[in-house]
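Participant: Contents of work29.cif (mmCIF, C-alpha atoms and all ligand atoms) are below:
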data_query
loop_
_atom_site.label_atom_id
_atom_site.label_comp_id
_atom_site.auth_asym_id
_atom_site.auth_seq_id
_atom_site.Cartn_x
_atom_site.Cartn_y
_atom_site.Cartn_z
CA VAL A 1 329.44 120.93 13.95
CA ASP A 2 326.10 119.61 15.22
CA HIS A 3 323.76 121.94 13.40
CA VAL A 4 324.03 124.41 10.53
CA VAL A 5 321.75 127.40 10.07
CA VAL A 6 321.52 129.65 7.03
CA THR A 7 319.75 132.89 7.81
CA GLY A 8 318.51 133.80 4.40
CA ASP A 9 319.55 134.77 0.95
CA LEU A 10 320.20 131.16 0.07
CA THR A 11 320.01 132.39 -3.51
CA HIS A 12 321.05 135.59 -5.23
CA GLY A 13 318.16 135.93 -7.64
CA GLY A 14 315.46 133.74 -6.07
CA LEU A 15 315.82 131.27 -8.95
CA ARG A 16 314.91 127.58 -8.91
CA ARG A 17 318.24 126.61 -10.45
CA GLU A 18 320.05 128.48 -7.66
CA ARG A 19 317.98 126.68 -5.05
CA ALA A 20 318.73 123.35 -6.75
CA LEU A 21 322.46 124.07 -6.37
CA PHE A 22 322.01 124.98 -2.69
CA ASP A 23 320.00 121.79 -2.10
CA GLU A 24 322.64 119.71 -3.83
CA ILE A 25 325.42 121.11 -1.64
CA PHE A 26 323.50 121.00 1.64
CA GLU A 27 321.57 117.75 1.08
CA PRO A 28 323.75 115.61 3.42
CA LEU A 29 323.08 118.03 6.29
CA ARG A 30 319.37 118.27 5.49
CA ALA A 31 319.02 114.48 5.28
CA ALA A 32 320.64 114.17 8.69
CA GLY A 33 318.26 116.75 10.21
CA ARG A 34 321.19 119.10 10.84
CA LEU A 35 320.15 122.03 8.66
CA THR A 36 317.70 124.86 9.33
CA VAL A 37 317.11 127.74 6.93
CA VAL A 38 314.99 130.89 6.81
CA PRO A 39 314.37 132.94 3.64
CA GLY A 40 315.91 136.30 2.85
CA ASN A 41 314.86 139.13 0.54
CA HIS A 42 316.95 137.80 -2.35
CA ASP A 43 314.98 134.54 -2.23
CA ARG A 44 311.82 136.53 -3.06
CA LEU A 45 313.25 137.77 -6.37
CA GLY A 46 313.04 135.90 -9.70
CA ASP A 47 311.04 132.70 -9.20
CA ASP A 48 310.21 133.77 -5.61
CA ILE A 49 311.35 130.56 -3.90
CA GLY A 50 311.34 132.26 -0.48
CA ARG A 51 307.99 131.09 0.80
CA GLU A 52 308.85 127.49 -0.11
CA LEU A 53 311.79 127.42 2.28
CA MET A 54 309.76 127.06 5.47
CA GLU A 55 306.22 126.21 6.49
CA GLY A 56 304.36 129.27 7.70
CA GLN A 57 306.13 132.39 8.94
CA VAL A 58 307.24 130.90 12.25
CA SER A 59 308.68 127.40 12.55
CA VAL A 60 310.18 125.42 15.43
CA THR A 61 312.98 122.88 15.11
CA ALA A 62 314.13 120.73 18.01
CA ALA A 63 317.66 119.44 17.61
CA ASP A 64 319.55 117.94 20.54
CA GLU A 65 320.22 120.81 22.94
CA LEU A 66 318.72 123.37 20.56
CA HIS A 67 315.28 124.94 20.40
CA LEU A 68 315.38 126.78 17.07
CA VAL A 69 312.65 129.22 16.13
CA GLY A 70 312.70 130.39 12.51
CA LEU A 71 310.99 133.65 11.56
CA ASP A 72 310.31 134.60 7.95
CA SER A 73 310.94 138.37 7.93
CA THR A 74 310.46 138.80 4.17
CA GLY A 75 307.50 140.51 2.50
CA VAL A 76 306.00 140.86 -0.96
CA HIS A 77 307.78 144.22 -1.36
CA ASN A 78 311.03 142.19 -1.47
CA ARG A 79 310.07 141.27 -5.05
CA LYS A 80 311.88 144.53 -5.88
CA TYR A 81 315.60 144.60 -5.19
CA VAL A 82 315.63 148.19 -3.93
CA SER A 83 312.98 147.29 -1.32
CA SER A 84 315.06 144.75 0.56
CA TYR A 85 313.96 145.77 4.09
CA GLY A 86 312.10 143.26 6.26
CA GLU A 87 308.55 143.03 7.50
CA LEU A 88 307.24 141.93 10.89
CA THR A 89 303.57 142.10 11.80
CA LEU A 90 302.23 142.02 15.35
CA PRO A 91 300.57 138.58 14.98
CA VAL A 92 303.85 137.09 13.71
CA LEU A 93 305.74 138.82 16.53
CA GLU A 94 303.34 137.27 19.07
CA GLU A 95 303.70 133.84 17.44
CA THR A 96 307.50 134.16 17.59
CA VAL A 97 307.49 135.15 21.27
CA ALA A 98 305.17 132.22 22.11
CA ALA A 99 307.39 129.78 20.18
CA LEU A 100 310.46 130.91 22.15
CA GLN A 101 308.60 130.84 25.47
CA ALA A 102 307.66 127.22 24.71
CA ALA A 103 311.30 126.10 24.75
CA PRO A 104 311.74 123.14 27.12
CA PRO A 105 314.05 123.80 30.08
CA GLY A 106 317.68 122.96 29.46
CA LYS A 107 317.64 123.90 25.78
CA LEU A 108 319.56 126.67 24.09
CA SER A 109 316.83 128.89 22.70
CA VAL A 110 317.74 130.46 19.36
CA LEU A 111 315.84 132.79 17.04
CA LEU A 112 316.73 132.78 13.34
CA LEU A 113 315.66 135.54 10.99
CA HIS A 114 317.07 137.29 7.97
CA HIS A 115 316.68 140.99 8.69
CA HIS A 116 318.57 142.92 11.36
CA PRO A 117 316.40 143.87 14.36
CA LEU A 118 318.63 146.84 15.24
CA GLY A 119 320.08 149.47 12.94
CA LEU A 120 323.46 148.76 11.38
CA PRO A 121 325.64 150.74 8.99
CA GLU A 122 325.09 150.39 5.27
CA ASP A 123 327.33 147.82 3.58
CA SER A 124 328.29 149.83 0.51
CA TRP A 125 328.23 153.27 -1.06
CA LEU A 126 325.30 152.09 -3.20
CA GLU A 127 323.24 151.27 -0.11
CA TRP A 128 324.29 154.50 1.55
CA THR A 129 323.22 156.42 -1.55
CA LEU A 130 319.87 154.62 -1.63
CA THR A 131 319.33 155.57 2.04
CA ARG A 132 320.16 159.18 1.22
CA LEU A 133 317.65 159.09 -1.64
CA GLY A 134 314.93 157.96 0.76
CA PHE A 135 314.82 154.25 -0.07
CA ARG A 136 314.20 151.93 2.90
CA HIS A 137 316.62 149.41 1.38
CA SER A 138 318.93 149.09 4.40
CA GLU A 139 316.44 149.89 7.14
CA GLU A 140 316.30 147.71 10.25
CA LEU A 141 313.30 145.43 10.83
CA ASN A 142 310.18 147.25 11.93
CA LEU A 143 309.22 146.08 15.44
CA GLY A 144 312.79 144.80 15.80
CA LYS A 145 313.40 146.47 19.16
CA GLU A 146 309.98 145.37 20.38
CA LEU A 147 310.82 141.80 19.37
CA LEU A 148 314.09 141.87 21.36
CA ARG A 149 312.38 143.34 24.42
CA ARG A 150 309.66 140.69 24.32
CA ILE A 151 311.99 137.70 23.93
CA ALA A 152 314.39 138.84 26.67
CA GLY A 153 314.64 136.08 29.26
CA HIS A 154 313.34 133.45 26.83
CA CYS A 155 316.06 133.45 24.21
CA ASP A 156 319.85 133.01 24.32
CA LEU A 157 320.88 133.82 20.78
CA VAL A 158 319.44 135.75 17.84
CA LEU A 159 321.08 135.00 14.51
CA HIS A 160 320.30 137.29 11.63
CA GLY A 161 321.67 137.78 8.14
CA HIS A 162 321.19 140.47 5.53
CA ARG A 163 324.07 142.70 6.61
CA HIS A 164 327.33 141.65 4.97
CA ARG A 165 329.65 142.33 7.89
CA ALA A 166 329.90 140.32 11.07
CA TRP A 167 328.61 141.96 14.24
CA THR A 168 327.88 140.82 17.77
CA ARG A 169 326.09 142.52 20.58
CA ILE A 170 325.39 141.22 24.05
CA LEU A 171 322.04 142.54 25.18
CA PHE A 172 320.54 142.43 28.68
CA GLU A 173 324.03 141.62 29.93
CA ASP A 174 323.18 142.22 33.57
CA GLU A 175 320.11 140.02 33.50
CA ALA A 176 320.02 136.34 34.51
CA ARG A 177 319.75 135.35 30.86
CA PRO A 178 321.71 137.65 28.52
CA LEU A 179 320.91 137.65 24.82
CA MET A 180 323.55 137.49 22.11
CA LEU A 181 322.57 139.22 18.87
CA ALA A 182 324.87 138.07 16.10
CA ASN A 183 325.42 138.25 12.39
CA ALA A 184 327.98 136.01 10.67
CA GLY A 185 328.19 138.35 7.70
CA SER A 186 328.17 137.13 4.13
CA SER A 187 329.86 133.73 4.01
CA THR A 188 330.14 133.89 0.24
CA GLU A 189 332.11 137.15 0.56
CA SER A 190 334.29 136.23 3.54
CA GLY A 191 334.69 132.52 2.83
CA LEU A 192 333.97 131.94 6.50
CA ALA A 193 331.19 130.39 8.52
CA ARG A 194 330.65 131.40 12.09
CA LEU A 195 330.80 128.78 14.82
CA PHE A 196 328.88 129.02 18.09
CA VAL A 197 329.78 126.81 21.01
CA SER A 198 327.38 125.83 23.76
CA ARG A 199 327.71 123.56 26.73
CA GLU A 200 324.73 122.48 28.83
CA ALA A 201 322.58 125.02 26.98
CA ARG A 202 324.93 127.90 27.81
CA LEU A 203 326.67 129.84 25.06
CA ALA A 204 330.43 130.07 25.34
CA PRO A 205 331.58 133.73 25.14
CA THR A 206 333.95 132.97 22.28
CA GLN A 207 334.03 133.91 18.65
CA GLU A 208 335.15 131.17 16.27
CA TRP A 209 335.10 130.79 12.52
CA LEU A 210 335.34 127.90 10.10
CA SER A 211 336.89 128.02 6.67
CA ALA A 212 338.66 125.89 4.13
CA GLY A 213 342.02 127.51 4.71
CA LEU A 214 341.79 130.71 6.71
CA SER A 215 341.70 130.81 10.47
CA GLU A 216 341.41 134.55 11.04
CA PRO A 217 338.04 136.11 11.79
CA PRO A 218 336.91 138.56 9.12
CA VAL A 219 338.19 142.09 9.43
CA PRO A 220 335.23 144.42 9.11
CA ALA A 221 335.48 146.70 6.12
CA PRO A 222 335.00 150.41 6.85
CA ALA A 223 331.37 151.13 7.60
CA PHE A 224 329.42 153.60 5.53
CA GLY A 225 326.89 156.28 6.22
CA PRO A 226 325.62 158.16 9.27
CA ARG A 227 325.18 155.03 11.36
CA ALA A 228 328.84 154.13 10.95
CA GLN A 229 329.78 156.67 13.64
CA SER A 230 327.46 155.04 16.14
CA ILE A 231 329.07 151.64 16.20
CA SER A 232 332.55 150.34 16.85
CA ALA A 233 334.51 148.62 14.10
CA ASP A 234 335.16 145.81 16.57
CA PRO A 235 333.04 142.83 15.51
CA ILE A 236 332.22 142.21 19.16
CA VAL A 237 330.35 145.22 20.39
CA GLN A 238 329.24 145.40 23.98
CA SER A 239 328.12 148.97 24.04
CA ALA A 240 326.14 150.33 26.94
CA GLY A 241 324.47 152.68 24.49
CA TRP A 242 322.98 149.82 22.51
CA ARG A 243 321.73 148.01 25.62
CA LYS A 244 320.13 151.20 26.85
CA ASP A 245 318.62 151.73 23.42
CA VAL A 246 316.92 148.34 23.45
CA ALA A 247 315.85 148.45 27.07
CA ALA A 248 314.29 151.90 26.70
FE FE A 301 319.33 140.13 2.44
#
Write the structure described by the file as structure tokens, please.

Facilitator:
Amino acid sequence: VDHVVVTGDLTHGGLRRERALFDEIFEPLRAAGRLTVVPGNHDRLGDDIGRELMEGQVSVTAADELHLVGLDSTGVHNRKYVSSYGELTLPVLEETVAALQAAPPGKLSVLLLHHHPLGLPEDSWLEWTLTRLGFRHSEELNLGKELLRRIAGHCDLVLHGHRHRAWTRILFEDEARPLMLANAGSSTESGLARLFVSREARLAPTQEWLSAGLSEPPVPAPAFGPRAQSISADPIVQSAGWRKDVAA
């Protein structure tokens, strides 16, 4: 594996001792320049280590064939656990688009952020209940669709976290440069890390996973809530409805 990305929630409670453990485990990759991280809502809890994880809200990492743009989608409201939804402002959106447009030719252009730009089913009955009670806990990123529309043609892969199940969507499939929107799911729950393969800055249309002992991709647990009906249980979703939704 050439490069490892962790799209947020490096810690559970945003605690310094949790970050120290993460740093200890990932130090060899970081020292070799093969690690990129963005913060998640959990990193804003406790000691609030989130804003220490990257410089500014948009960062660019060049690594071999990769042009990685990190976007911090957390906000101060994430200090409360029940307010775990993301935040994207127009200036940060513009900065993100510009950073992706600046990718040198021949590089795989990748956007990393924690929160999901498109709606996904709740991960648990607790989340579903919170949604029903009016909490924005599981809500997709505001300006998420706008972000995807604006980066179309300048980005090959969007990796997000936050949702615990793995999902993949191919957006703008009929365009010259399709966009893969992917979530590896929670690696600490599945015991798996997702592997992406590229050759000459083109993503291979495969789905591969790494683990200590398992070789099977995770089987999605039943989805919860009203959104569950709108999406297939297949972890690779190439639904015309979703593409139309984003393009609209
Ligand atoms: Fe999260």

Participant: Find the residue from A:Ala204, A:Ala193, A:Leu10, A:Val1 that sits nearest to ligand FE 301 (chain A); use all atoms listed in the file when measuring.

Facilitator: A:Leu10

Participant: Neighbours of His77 in chain A within 10 Å (only C-alpha atoms; same-chain residues fewer than 3 positions away dropped), as a ChimeraX atom specification?

Facilitator: /A:41,44-45,74,80-87

Participant: Tell me which of A:Gly161, A:Gly14, A:Pro117, A:Pro105 sits closest to ligand FE 301 (chain A), counting only C-alpha atoms and all ligand atoms.

Facilitator: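 The closest residue to ligand FE 301 (chain A) is A:Gly161.
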
Participant: Residues contacting ligand FE 301 (chain A) - anything with an atom at most 6 Å away, using only C-alpha atoms and all ligand atoms - can you give me those as a list in words?

Facilitator: Asp9, Gly40, Asn41, His42 and His162 of chain A

Participant: Which protein, DNA or RNA residues have an atom at most 12 Å from (314.4, 144.8, 21.5), counting only C-alpha atoms? List them as a PyMOL selection string.

Facilitator: chain A and resi 93+97+116-119+140-153+155+158+169-172+179-181+242-248

Participant: I need the residue nearest Arg79 in chain A from this list: A:Leu195, A:Ala182, A:Ile49, A:Met54. Use all atoms listed in the file for the distance.

Facilitator: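 Smallest distance to Arg79 in chain A is found for A:Ile49.
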
Participant: A:Trp167, A:Phe26, A:Trp209, A:Phe135: which is nearest Asn183 in chain A, counting all atoms listed in the file?

Facilitator: A:Trp167

Participant: What separation in Å, quoted to one decimal, exists between CA of Phe22 in chain A and CA of Glu65 in chain A?

Facilitator: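 Going from CA of Phe22 in chain A over to CA of Glu65 in chain A, I get 26.0 Å.
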
Participant: Report, in Å with one decimal, the straight-line distance from CA of Leu15 in chain A to CA of Gly75 in chain A.

Facilitator: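 Result for CA of Leu15 in chain A versus CA of Gly75 in chain A: 16.9 Å, one decimal.
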
Participant: Grab the CA of Ala98 in chain A to CA of Leu29 in chain A distance for me, in Å with one decimal place.

Facilitator: 27.8 Å

Participant: Counting only C-alpha atoms, which residue out of A:Ala102, A:Leu126, A:Leu133, A:Leu53 sits closest to His154 in chain A?

Facilitator: A:Ala102

Participant: Kindly provide the residues of range 56-154 of chain A that approach range 197-200 of chain A to within 8 Å, each paired with its closest atom pair and their distance in Å to one decimal, based on all atoms listed in the file, listed by chain and increasing number, as CSV.

Facilitator:
residue,atom,partner,partner_atom,distance
A:Glu65,CA,A:Glu200,CA,7.6
A:Gly106,CA,A:Glu200,CA,7.1
A:Lys107,CA,A:Glu200,CA,7.8
A:Leu108,CA,A:Ser198,CA,7.9
